[in-house]
$ cat coords-v8.txt   # compact mmCIF, C-alpha atoms
# COMPACT_ATOMS: atom_id res chain seq x y z
CA MET A 22 22.00 25.80 -37.22
CA THR A 23 24.28 25.55 -40.27
CA LYS A 24 23.48 23.93 -43.62
CA PHE A 25 25.80 22.52 -46.30
CA ALA A 26 24.31 21.54 -49.67
CA THR A 27 24.89 18.09 -51.11
CA GLN A 28 22.87 15.48 -53.01
CA SER A 29 21.44 12.07 -52.15
CA LEU A 30 18.90 9.49 -53.36
CA CYS A 31 15.27 9.03 -52.47
CA PRO A 32 14.93 5.84 -50.38
CA VAL A 33 11.72 4.95 -52.21
CA CYS A 34 12.31 5.69 -55.90
CA LEU A 35 16.15 5.98 -56.00
CA ALA A 36 15.92 9.33 -57.81
CA ARG A 37 18.72 11.83 -57.20
CA ILE A 38 17.41 14.54 -54.90
CA PRO A 39 18.79 17.66 -53.14
CA ALA A 40 20.04 17.22 -49.60
CA HIS A 41 21.71 19.22 -46.85
CA ARG A 42 24.07 18.40 -44.05
CA VAL A 43 22.48 20.23 -41.13
CA VAL A 44 24.61 21.02 -38.06
CA ARG A 45 22.70 21.55 -34.81
CA GLY A 46 25.00 22.04 -31.86
CA GLU A 47 27.27 18.96 -31.73
CA ASP A 48 25.04 16.90 -34.01
CA LEU A 49 24.94 16.50 -37.80
CA PHE A 50 21.92 15.31 -39.77
CA LEU A 51 21.35 14.58 -43.44
CA LYS A 52 18.05 16.11 -44.50
CA LYS A 53 16.65 15.55 -48.00
CA HIS A 54 13.46 15.99 -49.95
CA CYS A 55 11.83 14.05 -52.78
CA ARG A 56 8.94 15.77 -54.57
CA ALA A 57 7.12 12.46 -54.85
CA HIS A 58 7.88 10.92 -51.44
CA GLY A 59 8.49 13.79 -49.03
CA TRP A 60 11.15 14.59 -46.43
CA PHE A 61 13.74 12.26 -44.92
CA GLN A 62 16.17 12.99 -42.08
CA THR A 63 18.92 10.77 -40.70
CA PRO A 64 21.52 11.35 -37.94
CA ILE A 65 25.11 11.26 -39.22
CA TRP A 66 27.10 12.50 -36.21
CA ARG A 67 25.96 12.72 -32.57
CA GLY A 68 28.08 14.44 -29.92
CA ALA A 69 31.80 14.82 -29.28
CA PRO A 70 34.34 14.93 -30.81
CA ALA A 71 33.13 18.17 -32.38
CA ILE A 72 32.11 17.79 -36.00
CA GLY A 73 33.69 21.16 -36.86
CA ALA A 74 37.15 19.91 -35.90
CA TRP A 75 36.82 16.51 -37.59
CA GLN A 76 38.46 17.37 -40.89
CA ARG A 77 40.90 15.82 -43.34
CA PRO A 78 40.38 17.76 -46.62
CA LYS A 79 41.50 16.23 -49.92
CA ILE A 80 42.62 17.61 -53.27
CA PRO A 81 40.74 15.33 -55.72
CA THR A 82 42.40 12.63 -57.79
CA ARG A 83 40.46 11.78 -60.93
CA PRO A 84 40.47 8.23 -62.40
CA VAL A 85 43.31 7.69 -64.84
CA LEU A 86 41.18 5.23 -66.81
CA ALA A 87 37.48 6.01 -66.47
CA GLY A 88 35.33 2.89 -66.77
CA HIS A 89 32.14 4.78 -67.64
CA ALA A 90 31.38 8.14 -69.22
CA VAL A 91 29.27 10.74 -67.42
CA GLU A 92 25.78 10.28 -68.84
CA LYS A 93 23.11 10.29 -66.11
CA GLY A 94 25.34 11.81 -63.43
CA CYS A 95 26.49 10.50 -60.04
CA PRO A 96 25.65 7.90 -58.74
CA PHE A 97 24.37 6.26 -61.95
CA ASP A 98 27.57 6.17 -64.05
CA CYS A 99 29.91 4.17 -61.81
CA GLY A 100 32.74 2.45 -63.45
CA LEU A 101 34.54 4.70 -62.07
CA CYS A 102 33.29 7.80 -63.89
CA PRO A 103 35.36 10.99 -64.41
CA GLU A 104 33.49 12.72 -61.56
CA HIS A 105 35.05 10.38 -58.98
CA ARG A 106 37.60 12.04 -56.69
CA GLN A 107 39.70 9.16 -55.34
CA ARG A 108 41.55 6.13 -56.64
CA SER A 109 41.09 2.57 -55.39
CA CYS A 110 42.70 1.73 -52.07
CA THR A 111 41.04 -1.67 -51.59
CA VAL A 112 39.37 -3.62 -54.39
CA ILE A 113 36.87 -6.30 -53.41
CA LEU A 114 36.47 -9.34 -55.65
CA GLU A 115 33.35 -11.42 -54.94
CA VAL A 116 34.43 -14.92 -55.88
CA THR A 117 31.14 -16.60 -54.92
CA ARG A 118 27.52 -15.72 -54.12
CA ARG A 119 27.18 -18.82 -51.92
CA CYS A 120 27.35 -18.77 -48.13
CA ASP A 121 26.99 -21.35 -45.35
CA LEU A 122 25.23 -18.82 -43.11
CA CYS A 123 22.11 -16.74 -43.76
CA CYS A 124 22.75 -13.66 -41.62
CA PRO A 125 19.88 -11.17 -41.26
CA VAL A 126 22.35 -8.28 -41.59
CA CYS A 127 24.09 -9.56 -44.76
CA TYR A 128 24.74 -6.71 -47.17
CA ALA A 129 25.20 -9.20 -50.04
CA GLY A 130 22.00 -11.17 -49.35
CA SER A 131 24.03 -14.38 -49.70
CA GLY A 132 22.69 -17.88 -49.18
CA PRO A 133 23.30 -21.55 -49.99
CA ARG A 134 22.88 -21.11 -53.75
CA GLY A 135 24.60 -18.83 -56.20
CA ARG A 136 26.99 -18.64 -59.10
CA ASP A 137 30.74 -19.04 -58.75
CA PRO A 138 32.71 -17.11 -61.37
CA ALA A 139 35.08 -19.35 -63.33
CA VAL A 140 38.79 -19.28 -62.52
CA GLU A 141 39.48 -17.88 -65.98
CA GLU A 142 37.06 -15.01 -65.33
CA ILE A 143 38.75 -14.17 -62.03
CA ALA A 144 42.16 -14.34 -63.69
CA GLY A 145 40.83 -11.77 -66.16
CA TRP A 146 39.77 -9.54 -63.27
CA PHE A 147 43.27 -9.59 -61.83
CA GLU A 148 44.81 -8.92 -65.22
CA GLY A 149 42.48 -5.98 -65.83
CA LEU A 150 43.34 -4.48 -62.46
CA ARG A 151 47.04 -5.00 -63.12
CA ARG A 152 46.83 -3.25 -66.51
CA ALA A 153 45.08 -0.31 -64.89
CA GLY A 154 48.27 0.25 -62.89
CA ARG A 155 48.77 1.73 -59.41
CA GLY A 156 48.35 -1.34 -57.23
CA ALA A 157 45.63 -1.62 -54.61
CA ASN A 158 45.08 -4.05 -51.79
CA ILE A 159 42.82 -6.97 -52.70
CA GLN A 160 40.06 -8.52 -50.62
CA LEU A 161 38.51 -11.81 -51.75
CA SER A 162 34.92 -11.86 -50.57
CA GLY A 163 31.48 -13.21 -51.36
CA GLY A 164 29.27 -14.82 -50.19
CA GLU A 165 31.66 -16.93 -48.20
CA PRO A 166 34.86 -17.31 -50.27
CA THR A 167 36.12 -20.37 -48.35
CA LEU A 168 33.28 -22.41 -49.88
CA ARG A 169 35.40 -22.49 -53.02
CA ASP A 170 37.86 -25.37 -52.78
CA ASP A 171 40.11 -23.51 -55.21
CA LEU A 172 40.40 -20.40 -53.03
CA PRO A 173 44.16 -20.95 -52.41
CA ALA A 174 44.63 -21.09 -56.18
CA LEU A 175 42.75 -17.80 -56.55
CA VAL A 176 45.04 -16.22 -53.95
CA ALA A 177 48.03 -17.47 -55.92
CA LEU A 178 46.58 -15.98 -59.11
CA GLY A 179 46.41 -12.59 -57.43
CA ARG A 180 49.97 -12.83 -56.17
CA GLN A 181 51.18 -13.86 -59.64
CA ALA A 182 49.41 -10.80 -61.07
CA GLY A 183 51.54 -8.63 -58.78
CA PHE A 184 49.24 -7.87 -55.85
CA GLY A 185 51.26 -7.97 -52.64
CA PHE A 186 48.44 -7.86 -50.08
CA ILE A 187 45.51 -10.26 -50.42
CA GLN A 188 42.98 -10.56 -47.64
CA ILE A 189 40.19 -13.11 -47.16
CA ASN A 190 36.82 -11.84 -45.89
CA THR A 191 35.34 -14.84 -44.04
CA ASN A 192 33.03 -16.05 -41.30
CA GLY A 193 35.79 -18.44 -40.17
CA LEU A 194 33.80 -21.68 -40.25
CA ARG A 195 36.20 -23.51 -42.56
CA LEU A 196 39.26 -22.11 -40.82
CA ALA A 197 37.95 -23.57 -37.56
CA ALA A 198 36.90 -26.92 -39.03
CA GLU A 199 39.95 -27.86 -41.14
CA PRO A 200 43.29 -27.86 -39.28
CA ASP A 201 45.45 -27.28 -42.37
CA TYR A 202 43.25 -24.81 -44.24
CA ALA A 203 44.78 -21.62 -42.82
CA ALA A 204 48.25 -22.89 -43.70
CA ALA A 205 47.11 -23.58 -47.27
CA LEU A 206 45.90 -20.00 -47.63
CA ARG A 207 49.11 -18.68 -46.12
CA SER A 208 51.27 -20.81 -48.43
CA ALA A 209 49.32 -19.52 -51.44
CA GLY A 210 50.17 -15.95 -50.47
CA ALA A 211 47.24 -14.71 -48.36
CA ALA A 212 48.38 -12.11 -45.82
CA SER A 213 45.31 -11.42 -43.71
CA ILE A 214 41.95 -12.73 -42.55
CA PHE A 215 39.10 -10.22 -42.26
CA LEU A 216 37.12 -12.20 -39.69
CA GLN A 217 33.45 -11.64 -38.99
CA PHE A 218 33.47 -11.21 -35.21
CA ASP A 219 30.42 -9.70 -33.53
CA GLY A 220 31.10 -10.42 -29.87
CA VAL A 221 32.29 -12.88 -27.25
CA THR A 222 28.98 -14.62 -26.39
CA ASP A 223 26.76 -16.96 -28.31
CA THR A 224 23.75 -14.75 -27.57
CA VAL A 225 25.10 -12.17 -30.01
CA TYR A 226 25.83 -14.72 -32.73
CA ARG A 227 22.42 -16.34 -32.47
CA LYS A 228 20.86 -12.92 -32.96
CA LEU A 229 23.06 -11.69 -35.83
CA ARG A 230 24.19 -14.93 -37.50
CA GLY A 231 21.49 -17.45 -36.63
CA ARG A 232 23.62 -19.88 -34.65
CA ALA A 233 26.14 -20.19 -31.79
CA LEU A 234 29.58 -19.32 -33.17
CA TRP A 235 31.73 -18.19 -30.24
CA ALA A 236 33.70 -21.46 -30.14
CA VAL A 237 34.10 -21.30 -33.93
CA LYS A 238 35.61 -17.82 -33.78
CA GLN A 239 38.12 -18.89 -31.14
CA ALA A 240 39.14 -21.93 -33.18
CA ALA A 241 39.50 -19.83 -36.34
CA VAL A 242 41.87 -17.37 -34.65
CA ALA A 243 43.90 -20.24 -33.20
CA ALA A 244 44.26 -21.76 -36.68
CA CYS A 245 45.47 -18.44 -38.09
CA ALA A 246 47.99 -18.12 -35.26
CA ARG A 247 49.49 -21.51 -36.13
CA ALA A 248 49.69 -20.55 -39.81
CA GLY A 249 51.09 -17.03 -39.29
CA LEU A 250 48.08 -15.32 -40.85
CA GLY A 251 47.21 -11.87 -39.57
CA VAL A 252 43.63 -11.47 -38.35
CA VAL A 253 41.44 -8.37 -38.19
CA LEU A 254 38.33 -8.76 -36.05
CA VAL A 255 35.34 -7.18 -37.82
CA PRO A 256 32.29 -6.61 -35.62
CA THR A 257 28.99 -5.53 -37.14
CA LEU A 258 27.60 -3.32 -34.37
CA VAL A 259 23.83 -3.21 -33.97
CA PRO A 260 22.10 -1.02 -31.34
CA GLY A 261 20.34 -3.15 -28.78
CA VAL A 262 22.34 -6.26 -29.71
CA ASN A 263 26.09 -5.92 -29.17
CA ILE A 264 27.12 -2.28 -28.58
CA ASP A 265 27.77 -3.26 -24.95
CA GLN A 266 30.42 -5.76 -26.11
CA VAL A 267 32.77 -3.18 -27.68
CA GLY A 268 35.13 -3.24 -24.69
CA ARG A 269 35.10 -7.02 -24.40
CA ILE A 270 35.88 -7.35 -28.10
CA LEU A 271 38.90 -5.07 -27.66
CA ASP A 272 40.04 -7.02 -24.59
CA GLN A 273 39.85 -10.27 -26.53
CA ALA A 274 41.69 -8.81 -29.50
CA VAL A 275 44.55 -7.60 -27.29
CA ALA A 276 44.71 -11.02 -25.62
CA TRP A 277 45.18 -12.57 -29.07
CA TYR A 278 47.86 -10.20 -30.42
CA PRO A 279 50.10 -10.36 -32.38
CA THR A 280 47.98 -12.74 -34.48
CA VAL A 281 45.08 -10.30 -34.18
CA ARG A 282 46.37 -7.11 -35.75
CA GLY A 283 43.43 -4.92 -34.86
CA VAL A 284 39.68 -4.42 -34.64
CA HIS A 285 37.70 -2.82 -37.47
CA PHE A 286 34.22 -1.89 -36.25
CA GLN A 287 31.36 -1.54 -38.73
CA PRO A 288 28.16 0.11 -37.46
CA VAL A 289 25.22 -1.63 -39.11
CA SER A 290 24.04 -0.26 -42.45
CA TYR A 291 20.51 -0.82 -43.65
CA PHE A 292 20.97 -2.37 -47.06
CA GLY A 293 21.10 -5.84 -48.55
CA ARG A 294 19.05 -8.29 -46.52
CA HIS A 295 18.29 -5.57 -43.96
CA PRO A 296 17.09 -2.60 -46.06
CA GLY A 297 15.12 -0.76 -43.36
CA PRO A 298 13.61 1.72 -42.78
CA PRO A 299 15.62 2.34 -39.60
CA THR A 300 14.69 4.73 -36.82
CA ASP A 301 17.16 7.17 -35.26
CA LYS A 302 17.58 4.69 -32.40
CA ASP A 303 18.77 2.07 -34.90
CA ARG A 304 21.78 4.22 -35.82
CA LEU A 305 25.25 4.13 -34.28
CA THR A 306 27.31 7.13 -35.39
CA LEU A 307 31.09 7.31 -35.37
CA PRO A 308 31.42 9.68 -32.38
CA GLU A 309 29.06 7.51 -30.34
CA LEU A 310 31.27 4.54 -31.15
CA MET A 311 34.45 6.45 -30.21
CA ARG A 312 32.95 7.27 -26.84
CA ALA A 313 31.83 3.66 -26.33
CA VAL A 314 35.39 2.51 -27.07
CA GLU A 315 36.78 4.88 -24.45
CA THR A 316 34.17 4.11 -21.78
CA GLN A 317 34.13 0.34 -22.20
CA SER A 318 37.93 0.06 -22.38
CA GLY A 319 38.31 1.93 -19.12
CA GLY A 320 40.09 4.78 -20.92
CA ARG A 321 42.86 2.64 -22.44
CA PHE A 322 41.61 3.52 -25.93
CA LYS A 323 40.46 7.15 -25.89
CA ALA A 324 38.19 9.05 -28.25
CA ASP A 325 40.85 11.71 -28.80
CA HIS A 326 43.28 9.05 -30.05
CA PHE A 327 41.27 8.67 -33.25
CA ARG A 328 41.97 10.43 -36.54
CA PRO A 329 39.85 11.16 -39.63
CA PRO A 330 40.92 9.13 -42.66
CA GLU A 331 43.60 10.19 -45.12
CA CYS A 332 41.99 8.23 -47.95
CA GLU A 333 38.18 8.39 -47.86
CA HIS A 334 35.83 11.21 -46.78
CA ALA A 335 36.22 12.37 -43.18
CA LEU A 336 32.64 11.32 -42.28
CA CYS A 337 33.29 7.73 -43.37
CA SER A 338 35.77 6.37 -40.84
CA PHE A 339 38.22 6.78 -37.98
CA HIS A 340 41.45 5.03 -37.04
CA ALA A 341 44.25 4.88 -34.48
CA GLN A 342 47.41 2.83 -34.19
CA TYR A 343 49.02 1.74 -30.94
CA LEU A 344 52.16 0.15 -29.61
CA LEU A 345 51.23 -2.51 -27.06
CA SER A 346 53.40 -3.10 -24.03
CA GLU A 347 54.28 -6.63 -22.99
CA GLU A 348 51.33 -6.43 -20.58
CA GLY A 349 48.97 -5.32 -23.36
CA ARG A 350 48.78 -1.63 -22.44
CA PRO A 351 48.23 0.54 -25.57
CA ARG A 352 50.21 3.68 -26.32
CA PRO A 353 49.00 5.79 -29.27
CA LEU A 354 51.58 6.24 -32.01
CA HIS A 355 50.13 9.56 -33.20
CA PRO A 356 50.91 12.84 -31.43
CA LEU A 357 48.14 14.25 -29.26
CA PRO A 358 46.28 16.44 -29.92
CA MET A 359 45.99 16.33 -33.71
CA ALA A 360 48.68 18.56 -35.22
CA PRO A 361 47.55 21.54 -37.35
CA ALA A 362 49.50 20.15 -40.30
CA GLU A 363 47.30 17.04 -40.24
CA LYS A 364 44.26 19.21 -41.01
CA GLN A 365 45.77 20.78 -44.12
CA PRO A 366 44.53 19.62 -47.56
CA ILE A 367 46.45 16.70 -49.05
CA ARG A 368 46.32 15.17 -52.51
CA ALA A 369 43.83 12.32 -52.47
CA GLU A 370 46.35 10.16 -54.33
CA GLU A 371 48.90 10.73 -51.56
CA GLY A 372 46.42 9.80 -48.83
CA ALA A 373 45.40 6.64 -50.70
CA ALA A 374 49.00 5.55 -51.19
CA ARG A 375 49.69 5.95 -47.47
CA ALA A 376 46.51 4.04 -46.58
CA ILE A 377 47.40 1.16 -48.92
CA GLY A 378 50.82 0.79 -47.32
CA ALA A 379 49.57 1.20 -43.76
CA VAL A 380 46.88 -1.49 -44.15
CA ALA A 381 49.29 -3.93 -45.76
CA ARG A 382 51.87 -3.45 -43.02
CA GLN A 383 49.48 -3.49 -40.08
CA TRP A 384 46.98 -6.20 -41.03
CA ALA A 385 49.42 -8.83 -42.30
CA GLY A 386 50.69 -11.45 -39.87
CA PRO A 387 53.89 -10.41 -38.07
CA SER A 388 56.98 -12.08 -39.49
CA SER A 389 57.88 -13.42 -36.06
CA CYS A 390 54.71 -15.54 -36.11
CA ARG A 391 54.89 -17.06 -39.57
CA GLY A 392 55.04 -20.79 -39.49
CA GLY A 393 54.37 -21.15 -35.78
CA SER A 394 52.60 -20.02 -32.67
CA CYS A 395 52.47 -16.32 -31.89
CA CYS A 396 53.02 -16.96 -28.22
CA GLY A 397 56.77 -16.57 -28.44
CA ALA A 398 56.82 -13.37 -30.47
CA ALA A 399 59.60 -10.94 -29.63
CA THR A 400 58.78 -8.00 -27.41
CA VAL A 401 60.24 -4.52 -27.27
CA SER A 402 61.57 -3.22 -23.99
CA ALA A 403 64.32 -0.93 -22.81
CA GLY A 404 66.24 -3.95 -21.60
CA ASN A 405 66.53 -5.80 -24.89
CA ALA A 406 66.39 -2.99 -27.49
CA GLN A 407 70.15 -2.31 -27.33
CA ALA A 408 70.96 -5.95 -28.00
CA MET A 409 68.86 -6.03 -31.19
CA THR A 410 69.85 -5.18 -34.72
CA LEU A 411 67.76 -2.48 -36.37
CA ASP A 412 65.89 -5.08 -38.45
CA GLU A 413 65.17 -7.16 -35.36
CA PHE A 414 63.94 -4.09 -33.48
CA LEU A 415 61.63 -3.02 -36.31
CA ALA A 416 60.26 -6.55 -36.68
CA ALA A 417 59.64 -6.80 -32.96
CA ALA A 418 58.03 -3.37 -32.84
CA ARG A 419 55.72 -4.27 -35.71
CA SER A 420 54.61 -7.40 -33.89
CA ARG A 421 53.44 -5.15 -31.05
CA THR A 422 51.44 -2.65 -33.12
CA PHE A 423 47.68 -2.79 -32.95
CA SER A 424 44.99 -0.81 -34.76
CA VAL A 425 41.47 0.24 -33.85
CA SER A 426 39.33 1.59 -36.68
CA ALA A 427 35.78 1.87 -37.91
CA MET A 428 33.96 2.35 -41.19
CA ALA A 429 30.49 3.91 -41.40
CA PHE A 430 29.04 2.55 -44.63
CA GLN A 431 26.22 4.50 -46.23
CA ASP A 432 22.78 3.16 -47.08
CA VAL A 433 19.96 4.74 -49.06
CA TRP A 434 18.77 6.65 -46.00
CA ASN A 435 22.04 8.48 -45.25
CA LEU A 436 23.70 8.45 -48.68
CA ASP A 437 25.74 11.59 -49.38
CA LEU A 438 27.08 11.81 -52.94
CA GLU A 439 30.02 13.97 -51.89
CA ARG A 440 31.14 11.11 -49.62
CA VAL A 441 30.56 8.56 -52.39
CA GLN A 442 32.75 10.50 -54.81
CA GLY A 443 35.63 10.31 -52.32
CA CYS A 444 35.27 6.55 -51.79
CA CYS A 445 38.40 4.40 -52.12
CA ILE A 446 36.88 0.97 -51.33
CA HIS A 447 35.60 -0.41 -54.60
CA VAL A 448 33.88 -3.61 -55.68
CA LEU A 449 34.98 -5.05 -59.01
CA ALA A 450 31.76 -5.81 -60.89
CA ALA A 451 31.58 -8.85 -63.16
CA ASP A 452 31.98 -6.64 -66.24
CA GLY A 453 35.19 -5.10 -64.89
CA ARG A 454 33.80 -1.77 -63.65
CA LEU A 455 34.86 -0.44 -60.25
CA ILE A 456 31.91 0.62 -58.09
CA PRO A 457 32.10 2.25 -54.63
CA PHE A 458 31.22 -0.32 -51.97
CA CYS A 459 28.21 1.56 -50.59
CA LEU A 460 26.68 2.06 -54.03
CA TYR A 461 27.27 -1.53 -55.10
CA ASN A 462 25.40 -2.82 -52.06
CA LEU A 463 22.81 -0.05 -51.80
CA THR A 464 19.15 -1.08 -51.83
CA ALA A 465 15.94 0.93 -51.86
CA ALA A 466 13.41 0.77 -49.01
CA ASP A 467 11.78 -2.23 -50.74
CA GLY A 468 15.11 -4.06 -51.14
CA ARG A 469 15.55 -3.19 -54.83
CA PRO A 470 19.30 -2.91 -55.65
CA LEU A 471 20.98 -0.02 -57.42
CA TYR A 472 23.97 -2.00 -58.78
CA ARG A 473 24.22 -5.47 -57.28
CA PRO A 474 22.85 -8.14 -59.66
$ encode --input "coords-v8.txt" --output "structure tokens"
Amino acid sequence: MTKFATQSLCPVCLARIPAHRVVRGEDLFLKKHCRAHGWFQTPIWRGAPAIGAWQRPKIPTRPVLAGHAVEKGCPFDCGLCPEHRQRSCTVILEVTRRCDLCCPVCYAGSGPRGRDPAVEEIAGWFEGLRRAGRGANIQLSGGEPTLRDDLPALVALGRQAGFGFIQINTNGLRLAAEPDYAAALRSAGAASIFLQFDGVTDTVYRKLRGRALWAVKQAAVAACARAGLGVVLVPTLVPGVNIDQVGRILDQAVAWYPTVRGVHFQPVSYFGRHPGPPTDKDRLTLPELMRAVETQSGGRFKADHFRPPECEHALCSFHAQYLLSEEGRPRPLHPLPMAPAEKQPIRAEEGAARAIGAVARQWAGPSSCRGGSCCGAATVSAGNAQAMTLDEFLAAARSRTFSVSAMAFQDVWNLDLERVQGCCIHVLAADGRLIPFCLYNLTAADGRPLYRP
């Protein structure tokens, strides 16, 4: 057994407490102790690939403009404070608290009522981010952002402020219901749809979203295909509900490429409307998900294809990029196995810059699809490559790339402050501070929030 010291929060009182990452064989646990509320232990990593080899060390990048001084210490001074070790890669702007669903796993606790920030306030957010320099990718979220009739205008505001990649985080209901809505978002400058997509049966949606939505999801993707919007399928994976649909989700995503640019799995986190406490059986760790991907895809997507992140902490995510054949067979674009040079420390700023560019290139709609159906997208083969110009070849190749990734968000039970300090996915609070996503949404065992209003 090996121990590594870190710090966390007590799930009951939200006090900062000592913690250890404890390695036992192939498994990793977070073990912590609160003098008032006792011991807590949570699984972080279970099984292969080996945790000892899963590394992508970073040389910290401190915030150029700190939004909050260090007063109480991490995680109570977010803004970002000078202790933070990574810049923003994606900034999330919550443009509404309203939602037309009431999902039991909603991290935002959204519902039918809530305040919509004024357009002028959102314009100020964009301007503040622009003045801070060093562009990030933007995600417009909520609540359900498509409930705002002025959402295309908000996208245009972001583009006018100089942000080249703007993504909409949505349940897809409005995209499915209004034939011209996807085109309106695309014309305003939206590049990508981050589509809630938990499975391919209504049983899953009734359990996680409260209603049958399988037909809605299909219609939403079809609308994006017509408009030339890239789509990322985003399944919330819950043990006992939809883990067995991982392979079918991947099959469906490949069937829908090049409109669908990839799948971004999110193992359930126990915060927001679903604060917990969870048992060990309620957890899905990243290596368990990698193995499920390999098994359920029949070995087309393998666990050893996946890489630790270049941007955030190595325990937070995995990713792989593929070139799809005309028949939909994936070929990994990274060398196998992982090269020794990939395990050497890199500047956090460098990793973030690469991640920003990679997401923008991969998740946007392929140029060959814009303005029409994706069904006639160009393909790359030995027979036609020689007849193409270089630009045509690169455009065709990009239309055949496909990503599989996952993000393991932290909740109060498995929060590790070292991971938080390396976070690059930040929520822009109403007062202009940047707060790591997991901290912004974190809730105590009784549902009490740390940062979210």
$ atom_distance --input "coords-v8.txt" --atom1 "CA of Ile367 in chain A" --atom2 "CA of Cys110 in chain A"
15.7 Å
$ closest_residue --input "coords-v8.txt" --among "A:Leu51, A:Ala129, A:Ala153, A:Ala139" --to "Thr464 in chain A" --atoms "only C-alpha atoms"
A:Ala129
$ closest_residue --input "coords-v8.txt" --among "A:Gly73, A:Val448, A:Pro260, A:Pro39" --to "Thr300 in chain A" --atoms "all atoms listed in the file"
A:Pro260
$ closest_residue --input "coords-v8.txt" --among "A:Ala244, A:Leu455, A:Ala385, A:Val116" --to "Leu86 in chain A" --atoms "all atoms listed in the file"
A:Leu455
$ closest_residue --input "coords-v8.txt" --among "A:Gly453, A:Trp277, A:Trp60, A:Pro299" --to "Arg151 in chain A" --atoms "only C-alpha atoms"
A:Gly453
$ atom_distance --input "coords-v8.txt" --atom1 "CA of Gly145 in chain A" --atom2 "CA of Arg83 in chain A"
24.1 Å
